[in-house]
>>> print(open('run04.cif').read())   # mmCIF, C-alpha atoms
data_run
loop_
_atom_site.label_atom_id
_atom_site.label_comp_id
_atom_site.auth_asym_id
_atom_site.auth_seq_id
_atom_site.Cartn_x
_atom_site.Cartn_y
_atom_site.Cartn_z
CA MET A 1 207.97 265.47 176.44
CA ALA A 2 211.44 266.13 177.80
CA ALA A 3 211.83 267.07 181.44
CA ALA A 4 213.02 270.46 180.24
CA GLU A 5 209.52 271.32 179.07
CA ILE A 6 207.40 270.87 182.16
CA PRO A 7 204.37 273.10 181.53
CA LEU A 8 203.30 276.11 183.55
CA TRP A 9 199.96 276.22 185.40
CA GLU A 10 198.07 279.07 187.00
CA VAL A 11 196.64 278.34 190.43
CA PHE A 12 193.32 279.70 191.74
CA ILE A 13 192.07 279.13 195.28
CA ARG A 14 188.69 279.56 196.93
CA SER A 15 189.76 280.72 200.36
CA ARG A 16 186.38 280.57 202.09
CA ASN A 17 182.90 279.30 201.51
CA GLY A 18 180.96 281.80 199.41
CA LEU A 19 184.00 283.51 197.90
CA SER A 20 185.16 283.09 194.34
CA HIS A 21 188.44 281.47 193.32
CA LYS A 22 191.29 283.95 193.21
CA HIS A 23 194.60 283.75 191.38
CA VAL A 24 197.41 283.00 193.85
CA GLY A 25 200.37 282.15 191.64
CA SER A 26 201.79 279.62 189.23
CA LEU A 27 203.79 276.42 189.19
CA HIS A 28 205.26 273.81 186.84
CA ALA A 29 203.82 270.29 186.61
CA PRO A 30 203.72 267.58 183.92
CA ASP A 31 199.94 267.04 184.19
CA ALA A 32 196.78 268.26 185.92
CA THR A 33 196.92 265.69 188.73
CA LEU A 34 200.44 266.64 189.71
CA ALA A 35 199.62 270.32 189.27
CA LEU A 36 196.79 269.98 191.81
CA GLN A 37 199.02 268.15 194.28
CA ALA A 38 201.80 270.70 193.87
CA ALA A 39 199.30 273.55 194.28
CA ARG A 40 198.11 272.01 197.52
CA ASP A 41 201.68 271.77 198.86
CA LEU A 42 202.75 275.14 197.58
CA TYR A 43 199.77 277.39 198.18
CA THR A 44 197.71 275.84 200.99
CA ARG A 45 200.16 274.95 203.74
CA ARG A 46 198.23 277.00 206.29
CA GLY A 47 194.61 276.36 205.57
CA GLU A 48 194.40 279.00 202.83
CA GLY A 49 191.86 277.13 200.76
CA LEU A 50 188.76 275.00 200.39
CA SER A 51 189.07 274.43 196.65
CA ILE A 52 191.82 274.67 194.03
CA TRP A 53 191.66 275.23 190.29
CA VAL A 54 194.71 274.68 188.11
CA VAL A 55 194.63 276.00 184.56
CA PRO A 56 197.35 275.55 181.92
CA SER A 57 198.87 279.01 181.53
CA HIS A 58 198.71 278.77 177.75
CA ALA A 59 194.92 278.39 177.98
CA ILE A 60 194.56 281.92 179.34
CA THR A 61 193.90 284.74 176.90
CA ALA A 62 194.84 288.09 178.38
CA SER A 63 194.03 291.62 177.30
CA ASP A 64 196.98 293.61 176.03
CA PRO A 65 198.10 296.42 178.38
CA ALA A 66 198.60 298.54 175.24
CA ASP A 67 194.84 298.31 174.61
CA LYS A 68 194.02 299.54 178.09
CA GLY A 69 192.73 302.87 176.83
CA MET A 70 190.52 301.38 174.14
CA MET A 71 189.22 298.66 176.46
CA PHE A 72 188.49 300.56 179.65
CA GLU A 73 188.56 304.31 179.02
CA PRO A 74 185.04 304.54 177.49
CA THR A 75 183.43 303.48 180.78
CA ALA A 76 184.96 306.44 182.59
CA SER A 77 182.60 308.84 180.80
CA LYS A 78 179.44 306.81 181.44
CA ILE A 79 178.57 308.17 184.82
CA TYR A 80 174.88 307.43 184.18
CA ARG A 81 175.77 303.79 184.87
CA HIS A 82 176.18 304.60 188.54
CA PRO A 83 173.30 305.04 191.01
CA THR A 84 174.61 308.39 192.25
CA PHE A 85 173.90 309.91 188.79
CA TYR A 86 170.16 309.95 189.53
CA GLU A 87 168.43 312.37 191.79
CA VAL A 88 165.78 311.02 194.10
CA PRO A 89 164.12 313.41 196.60
CA GLU A 90 165.15 312.88 200.18
CA GLU A 91 161.53 312.33 201.29
CA VAL A 92 161.49 309.12 199.27
CA GLY A 93 164.08 307.68 201.63
CA HIS A 94 166.80 305.17 200.91
CA MET A 95 166.66 303.62 197.47
CA MET B 1 214.68 283.53 202.92
CA TYR B 2 216.75 286.31 201.56
CA THR B 3 218.12 288.30 198.69
CA GLN B 4 221.44 290.03 198.96
CA ALA B 5 222.30 293.28 197.25
CA LEU B 6 224.75 291.88 194.73
CA ASN B 7 223.32 293.11 191.48
CA ALA B 8 225.66 294.83 189.10
CA GLY B 9 224.69 298.22 187.74
CA PRO B 10 222.30 298.38 184.80
CA GLU B 11 223.96 298.64 181.44
CA ALA B 12 223.91 302.25 180.33
CA ALA B 13 224.02 301.35 176.64
CA GLU B 14 220.71 299.52 176.82
CA ARG B 15 219.00 302.55 178.18
CA THR B 16 220.00 304.91 175.42
CA ILE B 17 218.36 302.90 172.67
CA GLU B 18 214.94 303.16 174.26
CA ASP B 19 212.78 306.11 173.53
CA ALA B 20 213.25 308.86 176.09
CA ALA B 21 209.55 309.70 176.18
CA ILE B 22 208.58 306.09 176.91
CA LEU B 23 211.20 305.91 179.62
CA ALA B 24 209.88 309.11 181.16
CA ARG B 25 206.36 307.71 181.12
CA PHE B 26 207.60 304.55 182.81
CA GLN B 27 209.29 306.59 185.54
CA GLU B 28 206.07 308.58 186.03
CA ARG B 29 204.21 305.34 186.67
CA ILE B 30 206.86 304.29 189.19
CA ASP B 31 206.74 307.70 190.90
CA ALA B 32 202.95 307.45 191.12
CA GLU B 33 203.42 304.13 192.99
CA GLU B 34 201.74 302.21 190.18
CA ARG B 35 202.71 298.54 190.00
CA ILE B 36 204.41 297.32 186.86
CA GLU B 37 202.89 294.07 185.56
CA PRO B 38 204.52 291.41 183.34
CA ASN B 39 203.17 292.58 179.99
CA ASP B 40 203.64 296.30 180.67
CA PHE B 41 206.45 298.21 179.05
CA MET B 42 209.63 298.23 181.13
CA PRO B 43 213.17 299.35 180.33
CA ALA B 44 215.52 296.49 179.48
CA ALA B 45 217.73 297.38 182.43
CA TYR B 46 214.77 297.26 184.83
CA ARG B 47 213.89 293.80 183.57
CA LYS B 48 217.47 292.63 183.80
CA THR B 49 217.94 293.97 187.33
CA LEU B 50 214.75 292.28 188.48
CA ILE B 51 215.56 288.94 186.88
CA ARG B 52 218.92 289.00 188.59
CA GLN B 53 217.58 290.06 191.98
CA ILE B 54 214.52 287.77 192.04
CA SER B 55 216.45 284.75 190.82
CA GLN B 56 219.24 285.32 193.35
CA HIS B 57 216.55 285.56 195.97
CA ALA B 58 214.97 282.30 194.76
CA HIS B 59 218.33 280.52 194.70
CA SER B 60 218.97 281.71 198.26
CA GLU B 61 215.72 280.16 199.44
CA ILE B 62 216.56 276.86 197.78
CA VAL B 63 220.16 276.70 198.99
CA GLY B 64 218.91 277.94 202.37
CA MET B 65 217.19 274.60 202.91
CA LEU B 66 220.57 272.85 203.19
CA PRO B 67 222.06 274.24 206.42
CA GLU B 68 218.81 273.60 208.29
CA GLY B 69 218.04 270.33 206.58
CA ASN B 70 221.28 269.14 208.17
CA TRP B 71 219.53 269.04 211.57
CA ILE B 72 216.10 267.61 210.73
CA THR B 73 217.02 264.06 211.66
CA ARG B 74 218.80 265.22 214.80
CA ALA B 75 216.22 267.64 216.18
CA PRO B 76 215.99 267.18 219.96
CA SER B 77 212.25 266.51 220.10
CA LEU B 78 209.32 265.67 217.85
CA ARG B 79 207.97 269.21 218.34
CA ARG B 80 211.25 270.77 217.14
CA LYS B 81 211.48 268.29 214.30
CA ALA B 82 207.98 269.03 213.03
CA ALA B 83 208.63 272.78 213.21
CA LEU B 84 211.97 272.50 211.41
CA LEU B 85 210.47 270.32 208.68
CA ALA B 86 207.69 272.87 208.18
CA LYS B 87 210.20 275.70 208.06
CA VAL B 88 212.42 273.99 205.51
CA GLN B 89 209.34 273.22 203.42
CA ASP B 90 208.41 276.90 203.60
CA GLU B 91 211.85 277.88 202.29
CA CYS B 92 211.29 275.61 199.32
CA GLY B 93 207.89 277.23 198.78
CA HIS B 94 209.47 280.68 198.93
CA GLY B 95 211.98 279.64 196.29
CA LEU B 96 209.18 278.42 194.05
CA TYR B 97 207.06 281.60 194.41
CA LEU B 98 210.13 283.59 193.51
CA TYR B 99 211.12 281.47 190.52
CA ALA B 100 207.57 281.91 189.23
CA ALA B 101 207.86 285.70 189.71
CA ALA B 102 211.17 285.74 187.81
CA GLU B 103 209.64 283.71 184.99
CA THR B 104 207.04 286.42 184.37
CA LEU B 105 209.97 288.52 183.13
CA GLY B 106 210.67 286.14 180.28
CA VAL B 107 213.32 283.81 181.68
CA SER B 108 212.58 280.08 181.89
CA ARG B 109 212.71 277.91 185.02
CA GLU B 110 215.27 275.66 183.33
CA GLU B 111 217.57 278.60 182.59
CA LEU B 112 217.34 279.75 186.19
CA ILE B 113 218.09 276.30 187.62
CA ASP B 114 220.93 275.96 185.17
CA GLN B 115 222.40 279.30 186.26
CA LEU B 116 222.39 278.11 189.87
CA LEU B 117 223.82 274.66 189.18
CA SER B 118 226.50 275.92 186.81
CA GLY B 119 227.68 278.34 189.49
CA LYS B 120 226.89 281.36 187.30
CA ALA B 121 224.22 282.71 189.63
CA LYS B 122 224.84 284.00 193.11
CA TYR B 123 222.91 283.31 196.29
CA SER B 124 223.07 284.81 199.75
CA SER B 125 226.50 284.48 201.38
CA ILE B 126 224.95 283.39 204.69
CA PHE B 127 224.18 279.87 203.49
CA ASN B 128 227.83 279.10 202.97
CA TYR B 129 228.39 278.82 206.71
CA PRO B 130 228.08 275.44 208.47
CA THR B 131 225.47 274.46 211.08
CA LEU B 132 227.69 272.86 213.69
CA SER B 133 225.29 272.49 216.60
CA TRP B 134 221.55 272.46 217.31
CA ALA B 135 221.90 276.03 218.59
CA ASP B 136 222.72 277.07 215.04
CA ILE B 137 219.15 276.20 214.08
CA GLY B 138 217.98 278.62 216.77
CA ALA B 139 220.44 281.28 215.63
CA ILE B 140 219.42 280.92 211.98
CA GLY B 141 215.74 281.34 212.74
CA TRP B 142 216.31 284.26 215.08
CA LEU B 143 219.08 286.11 213.22
CA VAL B 144 219.12 284.99 209.59
CA ASP B 145 215.34 285.03 209.25
CA GLY B 146 215.26 288.21 211.32
CA ALA B 147 217.63 289.87 208.87
CA ALA B 148 215.63 288.47 205.97
CA ILE B 149 212.42 289.97 207.33
CA MET B 150 214.07 293.42 207.63
CA ASN B 151 214.98 293.22 204.00
CA GLN B 152 211.81 291.62 202.70
CA ILE B 153 209.17 293.80 204.30
CA PRO B 154 210.05 296.82 202.11
CA LEU B 155 210.09 294.47 199.09
CA CYS B 156 206.35 293.90 199.60
CA ARG B 157 206.02 297.43 198.14
CA CYS B 158 208.44 296.79 195.28
CA SER B 159 207.31 298.38 192.01
CA TYR B 160 207.16 295.04 190.19
CA GLY B 161 203.77 293.45 190.93
CA PRO B 162 204.61 289.73 190.82
CA TYR B 163 207.69 290.21 193.04
CA ALA B 164 205.76 292.33 195.56
CA ARG B 165 202.95 289.77 195.72
CA ALA B 166 205.39 286.89 196.22
CA MET B 167 207.05 288.85 199.03
CA ILE B 168 203.73 289.38 200.82
CA ARG B 169 203.24 285.62 200.98
CA VAL B 170 206.84 285.08 202.05
CA CYS B 171 206.68 287.68 204.83
CA LYS B 172 203.50 286.18 206.27
CA GLU B 173 205.28 282.84 206.60
CA GLU B 174 208.63 284.20 207.73
CA SER B 175 207.38 285.40 211.09
CA PHE B 176 206.91 281.82 212.29
CA HIS B 177 210.50 281.10 211.31
CA GLN B 178 211.97 283.84 213.43
CA ARG B 179 209.82 283.04 216.45
CA GLN B 180 210.65 279.33 216.37
CA GLY B 181 214.35 280.23 216.21
CA TYR B 182 214.12 282.58 219.16
CA GLU B 183 212.23 279.96 221.14
CA ILE B 184 215.05 277.47 220.53
CA MET B 185 217.56 280.04 221.82
CA LEU B 186 215.38 280.73 224.84
CA ALA B 187 215.16 277.03 225.70
CA LEU B 188 218.94 276.73 225.47
CA VAL B 189 219.77 279.74 227.65
CA ARG B 190 217.33 278.47 230.27
CA GLY B 191 218.94 275.01 230.19
CA SER B 192 222.27 273.75 231.51
CA GLU B 193 225.49 275.73 231.41
CA ALA B 194 226.63 273.66 228.43
CA GLN B 195 223.43 274.53 226.56
CA ARG B 196 223.85 278.23 227.35
CA GLU B 197 227.40 278.07 226.03
CA MET B 198 226.14 276.39 222.89
CA ALA B 199 223.72 279.28 222.33
CA GLN B 200 226.48 281.84 222.90
CA ASP B 201 228.79 280.00 220.52
CA ALA B 202 226.11 280.03 217.81
CA LEU B 203 225.56 283.77 218.26
CA ASN B 204 229.33 284.32 218.10
CA ARG B 205 229.58 282.54 214.77
CA TRP B 206 226.42 283.89 213.12
CA TRP B 207 226.42 287.54 214.18
CA TRP B 208 228.92 288.96 211.70
CA PRO B 209 227.81 286.87 208.71
CA CYS B 210 224.25 288.10 209.43
CA LEU B 211 225.36 291.73 209.27
CA MET B 212 226.97 290.94 205.91
CA MET B 213 223.63 289.67 204.61
CA PHE B 214 222.58 293.26 203.96
CA GLY B 215 225.28 293.61 201.35
CA PRO B 216 228.20 296.01 200.93
CA PRO B 217 228.22 299.39 202.69
CA ASP B 218 226.33 302.16 200.90
CA ALA B 219 229.56 303.87 199.89
CA ASP B 220 230.56 300.80 197.81
CA SER B 221 227.12 299.88 196.53
CA ARG B 222 227.18 301.00 192.92
CA HIS B 223 223.84 299.60 191.80
CA SER B 224 221.62 301.20 194.43
CA GLU B 225 220.79 304.39 192.58
CA ALA B 226 218.78 302.83 189.75
CA SER B 227 217.08 300.31 192.04
CA THR B 228 216.02 303.11 194.35
CA ARG B 229 214.75 305.27 191.48
CA TRP B 230 212.74 302.29 190.20
CA LYS B 231 211.40 301.60 193.69
CA ILE B 232 212.78 298.09 193.71
CA LYS B 233 214.84 299.05 196.72
CA ARG B 234 213.37 301.37 199.33
CA PHE B 235 216.09 301.41 201.98
CA SER B 236 219.84 301.34 201.60
CA ASN B 237 221.96 298.41 202.77
CA ASP B 238 223.29 300.38 205.75
CA GLU B 239 219.83 301.59 206.76
CA LEU B 240 218.51 298.03 206.84
CA ARG B 241 221.61 296.79 208.67
CA GLN B 242 221.13 299.47 211.33
CA LYS B 243 217.46 298.55 211.76
CA PHE B 244 218.48 294.94 212.25
CA VAL B 245 221.11 295.78 214.87
CA ASP B 246 218.70 298.07 216.74
CA ALA B 247 216.02 295.38 216.80
CA THR B 248 218.35 292.53 217.72
CA VAL B 249 220.44 293.99 220.56
CA PRO B 250 217.54 294.02 223.08
CA GLN B 251 216.56 290.48 222.01
CA ALA B 252 220.11 289.25 222.74
CA ARG B 253 220.03 291.01 226.11
CA TYR B 254 216.81 289.27 227.01
CA LEU B 255 218.49 285.95 226.27
CA GLY B 256 221.43 286.99 228.44
CA LEU B 257 223.79 286.48 225.52
CA THR B 258 226.64 288.76 224.50
CA ILE B 259 226.89 290.07 220.96
CA PRO B 260 230.49 289.43 219.84
CA ASP B 261 231.32 293.07 219.11
CA PRO B 262 233.44 294.99 221.65
CA ASP B 263 232.59 298.26 219.84
CA LEU B 264 228.85 297.84 220.15
CA ARG B 265 227.38 300.76 222.10
CA PHE B 266 224.24 302.82 222.21
CA ASN B 267 224.63 306.24 220.65
CA GLU B 268 222.55 308.71 222.66
CA GLU B 269 222.73 311.32 219.91
CA THR B 270 221.45 309.19 217.05
CA GLY B 271 219.32 306.84 219.14
CA HIS B 272 220.92 303.88 217.37
CA TRP B 273 223.37 301.14 218.29
CA ASP B 274 226.82 301.80 216.82
CA TYR B 275 228.59 298.61 215.77
CA GLY B 276 232.18 297.71 214.97
CA ALA B 277 233.87 297.29 211.59
CA ILE B 278 232.63 294.45 209.39
CA ASP B 279 235.24 292.21 207.77
CA TRP B 280 234.35 292.88 204.15
CA GLU B 281 237.22 290.77 202.93
CA GLU B 282 235.51 287.72 204.43
CA PHE B 283 232.30 288.73 202.65
CA ARG B 284 234.09 289.05 199.30
CA GLN B 285 235.72 285.68 199.78
CA VAL B 286 232.42 283.95 200.54
CA ILE B 287 230.72 285.61 197.56
CA ALA B 288 233.63 284.61 195.35
CA GLY B 289 233.01 280.96 196.25
CA ASN B 290 235.61 280.56 198.98
CA GLY B 291 233.35 280.38 202.04
CA PRO B 292 233.44 277.38 204.37
CA CYS B 293 230.60 275.52 202.61
CA ASN B 294 230.29 276.90 199.06
CA ALA B 295 231.54 273.70 197.45
CA ASP B 296 229.34 271.49 199.67
CA ARG B 297 226.22 273.51 198.93
CA MET B 298 226.70 273.41 195.19
CA ALA B 299 227.54 269.71 195.25
CA ALA B 300 224.39 268.99 197.28
CA ARG B 301 222.18 271.00 194.90
CA ARG B 302 223.65 269.32 191.83
CA LYS B 303 223.25 265.88 193.35
CA ALA B 304 219.63 266.59 194.28
CA HIS B 305 218.91 267.80 190.75
CA GLU B 306 220.58 264.80 189.12
CA ASP B 307 219.05 262.29 191.52
CA GLY B 308 215.62 263.75 190.83
CA ALA B 309 215.97 263.59 187.05
CA TRP B 310 214.34 260.15 186.74
CA VAL B 311 211.30 261.37 188.71
CA ARG B 312 210.81 264.34 186.38
CA GLU B 313 211.28 262.12 183.34
CA ALA B 314 208.87 259.47 184.65
CA ALA B 315 206.22 262.08 185.47
CA CYS B 316 206.53 263.61 182.00
CA ALA B 317 206.41 260.17 180.33
CA HIS B 318 203.29 259.31 182.32
CA ALA B 319 201.66 262.60 181.34
CA ALA B 320 202.48 262.02 177.67
CA LYS B 321 201.12 258.47 177.76
CA SER B 322 197.93 259.58 179.49
CA ARG B 323 197.37 262.22 176.83
CA VAL B 324 197.77 259.67 174.05
CA ARG B 325 195.34 257.28 175.79
CA ALA B 326 192.80 260.02 176.33
CA ALA B 327 193.01 260.96 172.63
CA ALA B 328 192.60 257.34 171.45
#
>>> encode(input="run04.cif", output="structure tokens")
Amino acid sequence: MAAAEIPLWEVFIRSRNGLSHKHVGSLHAPDATLALQAARDLYTRRGEGLSIWVVPSHAITASDPADKGMMFEPTASKIYRHPTFYEVPEEVGHM
Amino acid sequence: MYTQALNAGPEAAERTIEDAAILARFQERIDAEERIEPNDFMPAAYRKTLIRQISQHAHSEIVGMLPEGNWITRAPSLRRKAALLAKVQDECGHGLYLYAAAETLGVSREELIDQLLSGKAKYSSIFNYPTLSWADIGAIGWLVDGAAIMNQIPLCRCSYGPYARAMIRVCKEESFHQRQGYEIMLALVRGSEAQREMAQDALNRWWWPCLMMFGPPDADSRHSEASTRWKIKRFSNDELRQKFVDATVPQARYLGLTIPDPDLRFNEETGHWDYGAIDWEEFRQVIAGNGPCNADRMAARRKAHEDGAWVREAACAHAAKSRVRAAA
């Protein structure tokens, strides 16, 4: 591998105990070990994290923005999936 | 640390070949304050403008490490040294967030680095001035980072998602930079007469170049219209410059330092500080490569890149070997 082809990694950080990892950015590194070290230097200089994931960018499959309608529109009409769709008499109290 | 408004106007020809209806839809999204994400449709000129602006911004952060790096080994105390090291490391981080944001637009890191090292790309004019005394480190933090913050805060609401997100991180970190600079200035003006003079001398040398950081006056800024319409730019160069002057004058007064502008006076009518004429010829010269340190900065960047080549090659060779071993 030539130096000109240093792969891209996506960085995810768990900021606090109990929270999930969240995407914070990307970086270039030759391998996973160096990617982790670079992620530490680049994205956690001020105690931003308790745990880091690095994932090769090419390993991520993303939905196509052009398919947004097909993918997400149908849920907009399914209001019966939300609790507020159902009527419960007030006397029953909080449910 | 900073991006300067140097982008050329978008190419009109590129816009005409795109479908008018799609372009209108894009503008609707912008007007509705939606964020544009990497795989979304965007006009070619929007992409080009952003690549240019974000990469110039990234280059500025990277070159911006040099003037301050000059004083790391000569910082007057361990406290100052630790702070300066952390600041310079932050600037590197800012450069890397920004390169990553630019890459989402389809340009590679290698191309971007190559544009900087070949001299094709521009970076902020401010980093082509020398840091002659320790007071310059104070002045840079206070004034250069102060000017950068003025410019970068509106960029946190830029229409392009990855750029806006990078700017949010940068702005959070930038505040420390400005405060540490002001604290250095404060220590100097409270010190001996010689130290006070050193602080005044630094302000004298950095004031005008800092005003130039906001780019050419609005009347000469030909690219602003499209950037404003696309919500990449939310305030004009002159508006930001005025905000900076208004914020900085009282800070200089508190230090007991004099801003080197005999025409500086408070305008009761507008409620702003009026300032004297800026030497735009100096600005053009520095941008054109003829500033006091342009050649030094480029030479230092090229040397760092070349000297680091073996490290990149070794790391890649190690990664390749490890993969082969793991597969065997």
>>> residues_around(input="run04.cif", residues="B:Ala300", least_positions_apart="6", cutoff="10 Å", atoms="all atoms listed in the file", output="PyMOL selection string")
chain B and resi 63+66+117+306
>>> residues_around(input="run04.cif", residues="stretch 23-33 of chain A", least_positions_apart="2", cutoff="8 Å", atoms="only C-alpha atoms", output="list in words")
Ile6, Pro7, Leu8, Trp9, Glu10, Val11, Phe12, Ile13, His21, Ala35, Leu36, Gln37, Ala38, Ala39, Tyr43 and Val54 of chain A; Leu96, Tyr97, Ala100, Ala315, Cys316 and Ala319 of chain B
>>> atom_distance(input="run04.cif", atom1="atom CA of B:Ser175", atom2="atom CA of B:Met198")
23.9 Å
>>> closest_residue(input="run04.cif", among="B:Thr104, B:Gln200, B:Gln152, B:Gln56", to="chain A", atoms="all atoms listed in the file")
B:Thr104
>>> closest_residue(input="run04.cif", among="A:Val88, A:Ala62, A:Leu50, A:Ala76", to="chain B", atoms="all atoms listed in the file")
A:Ala62
>>> atom_distance(input="run04.cif", atom1="atom CA of B:Met150", atom2="atom CA of B:His177")
13.3 Å
>>> closest_residue(input="run04.cif", among="B:Gly119, B:Val189, B:Val88, B:Ala226", to="B:Ala299", atoms="all atoms listed in the file")
B:Gly119
>>> resolve_selection(input="run04.cif", expression="the PyMOL selection byres ((chain B and resi 187) around 12)", output="list in words")
Pro76, Arg80, Trp134, Ala135, Gly138, Gln180, Gly181, Tyr182, Glu183, Ile184, Met185, Leu186, Leu188, Val189, Arg190, Gly191, Ser192, Glu193, Gln195, Arg196, Met198, Ala199 and Leu255 of chain B
>>> resolve_selection(input="run04.cif", expression="the PyMOL selection byres ((chain B and resi 169) around 12)", output="PyMOL selection string")
(chain A and resi 24-25+42-46+48) or (chain B and resi 1+90-91+93-98+149+152-153+155-156+162-168+170-175)
>>> closest_residue(input="run04.cif", among="B:Ser227, B:Gln53, B:Ser322, B:Ser125", to="chain A", atoms="only C-alpha atoms")
B:Ser322
>>> residues_near_point(input="run04.cif", point="(200.7, 302.6, 176.7)", cutoff="10 Å", atoms="only C-alpha atoms", output="list in words")
Asp64, Pro65, Ala66, Asp67, Lys68 and Gly69 of chain A; Ile22, Arg25, Phe26, Asp40 and Phe41 of chain B
>>> resolve_selection(input="run04.cif", expression="the PyMOL selection byres ((chain B and resi 29) around 12)", output="number ranges by chain")
B: 22-28, 30-37, 40-42, 159-160, 229-231
>>> residues_around(input="run04.cif", residues="B:Leu203", least_positions_apart="3", cutoff="8 Å", atoms="all atoms listed in the file", output="PDB file with C-alpha atoms, in the coordinates of the input")
ATOM      1  CA  ASP B 136     222.720 277.070 215.040  1.00  0.00           C
ATOM      2  CA  ALA B 139     220.440 281.280 215.630  1.00  0.00           C
ATOM      3  CA  ALA B 199     223.720 279.280 222.330  1.00  0.00           C
ATOM      4  CA  GLN B 200     226.480 281.840 222.900  1.00  0.00           C
ATOM      5  CA  TRP B 206     226.420 283.890 213.120  1.00  0.00           C
ATOM      6  CA  TRP B 207     226.420 287.540 214.180  1.00  0.00           C
ATOM      7  CA  LEU B 257     223.790 286.480 225.520  1.00  0.00           C
ATOM      8  CA  ILE B 259     226.890 290.070 220.960  1.00  0.00           C
ATOM      9  CA  PRO B 260     230.490 289.430 219.840  1.00  0.00           C
TER      10      PRO B 260
END
>>> axis_aligned_box(input="run04.cif", around="stretch 64-70 of chain A", padding_each_side="3 Å", output="AutoDock Vina command-line options")
--center_x 194.6 --center_y 298.2 --center_z 176.3 --size_x 14.1 --size_y 15.3 --size_z 10.2
>>> closest_residue(input="run04.cif", among="B:Arg301, B:Arg109, B:Arg157, B:Arg284", to="chain A", atoms="all atoms listed in the file")
B:Arg109
>>> decode(input="run04.cif", residues="stretch 267-279 of chain B", atoms="N, CA, C and O atoms", output="PDB file, in the first residue's frame")
ATOM      1  N   ASN B 267     -18.571  56.278  16.962  1.00  0.00           N
ATOM      2  CA  ASN B 267     -19.582  56.998  16.205  1.00  0.00           C
ATOM      3  C   ASN B 267     -20.899  56.930  16.972  1.00  0.00           C
ATOM      4  O   ASN B 267     -21.528  55.869  17.041  1.00  0.00           O
ATOM      5  N   GLU B 268     -21.289  58.062  17.551  1.00  0.00           N
ATOM      6  CA  GLU B 268     -22.498  58.093  18.390  1.00  0.00           C
ATOM      7  C   GLU B 268     -23.735  57.713  17.592  1.00  0.00           C
ATOM      8  O   GLU B 268     -24.668  57.090  18.105  1.00  0.00           O
ATOM      9  N   GLU B 269     -23.750  58.100  16.330  1.00  0.00           N
ATOM     10  CA  GLU B 269     -24.937  57.861  15.498  1.00  0.00           C
ATOM     11  C   GLU B 269     -25.155  56.377  15.223  1.00  0.00           C
ATOM     12  O   GLU B 269     -26.251  55.861  15.351  1.00  0.00           O
ATOM     13  N   THR B 270     -24.062  55.713  14.822  1.00  0.00           N
ATOM     14  CA  THR B 270     -24.209  54.299  14.443  1.00  0.00           C
ATOM     15  C   THR B 270     -24.027  53.376  15.648  1.00  0.00           C
ATOM     16  O   THR B 270     -24.440  52.220  15.606  1.00  0.00           O
ATOM     17  N   GLY B 271     -23.383  53.884  16.693  1.00  0.00           N
ATOM     18  CA  GLY B 271     -23.104  53.028  17.849  1.00  0.00           C
ATOM     19  C   GLY B 271     -21.925  52.090  17.613  1.00  0.00           C
ATOM     20  O   GLY B 271     -21.736  51.122  18.346  1.00  0.00           O
ATOM     21  N   HIS B 272     -21.163  52.375  16.550  1.00  0.00           N
ATOM     22  CA  HIS B 272     -19.996  51.531  16.240  1.00  0.00           C
ATOM     23  C   HIS B 272     -18.709  52.352  16.273  1.00  0.00           C
ATOM     24  O   HIS B 272     -18.741  53.580  16.209  1.00  0.00           O
ATOM     25  N   TRP B 273     -17.586  51.626  16.329  1.00  0.00           N
ATOM     26  CA  TRP B 273     -16.281  52.272  16.234  1.00  0.00           C
ATOM     27  C   TRP B 273     -15.907  52.429  14.765  1.00  0.00           C
ATOM     28  O   TRP B 273     -15.842  51.437  14.036  1.00  0.00           O
ATOM     29  N   ASP B 274     -15.671  53.678  14.342  1.00  0.00           N
ATOM     30  CA  ASP B 274     -15.188  53.915  12.981  1.00  0.00           C
ATOM     31  C   ASP B 274     -13.674  53.734  12.982  1.00  0.00           C
ATOM     32  O   ASP B 274     -13.005  54.192  13.908  1.00  0.00           O
ATOM     33  N   TYR B 275     -13.168  53.051  11.961  1.00  0.00           N
ATOM     34  CA  TYR B 275     -11.714  52.834  11.905  1.00  0.00           C
ATOM     35  C   TYR B 275     -11.146  53.400  10.614  1.00  0.00           C
ATOM     36  O   TYR B 275     -11.889  53.680   9.663  1.00  0.00           O
ATOM     37  N   GLY B 276      -9.828  53.559  10.597  1.00  0.00           N
ATOM     38  CA  GLY B 276      -9.156  54.192   9.467  1.00  0.00           C
ATOM     39  C   GLY B 276      -9.036  53.259   8.263  1.00  0.00           C
ATOM     40  O   GLY B 276      -9.463  52.102   8.296  1.00  0.00           O
ATOM     41  N   ALA B 277      -8.447  53.801   7.191  1.00  0.00           N
ATOM     42  CA  ALA B 277      -8.343  53.051   5.936  1.00  0.00           C
ATOM     43  C   ALA B 277      -7.361  51.885   6.073  1.00  0.00           C
ATOM     44  O   ALA B 277      -6.287  52.036   6.663  1.00  0.00           O
ATOM     45  N   ILE B 278      -7.757  50.752   5.528  1.00  0.00           N
ATOM     46  CA  ILE B 278      -6.904  49.558   5.544  1.00  0.00           C
ATOM     47  C   ILE B 278      -6.031  49.559   4.292  1.00  0.00           C
ATOM     48  O   ILE B 278      -6.493  49.925   3.207  1.00  0.00           O
ATOM     49  N   ASP B 279      -4.787  49.165   4.453  1.00  0.00           N
ATOM     50  CA  ASP B 279      -3.851  49.141   3.324  1.00  0.00           C
ATOM     51  C   ASP B 279      -4.082  47.868   2.503  1.00  0.00           C
ATOM     52  O   ASP B 279      -3.451  46.835   2.740  1.00  0.00           O
TER      53      ASP B 279
END
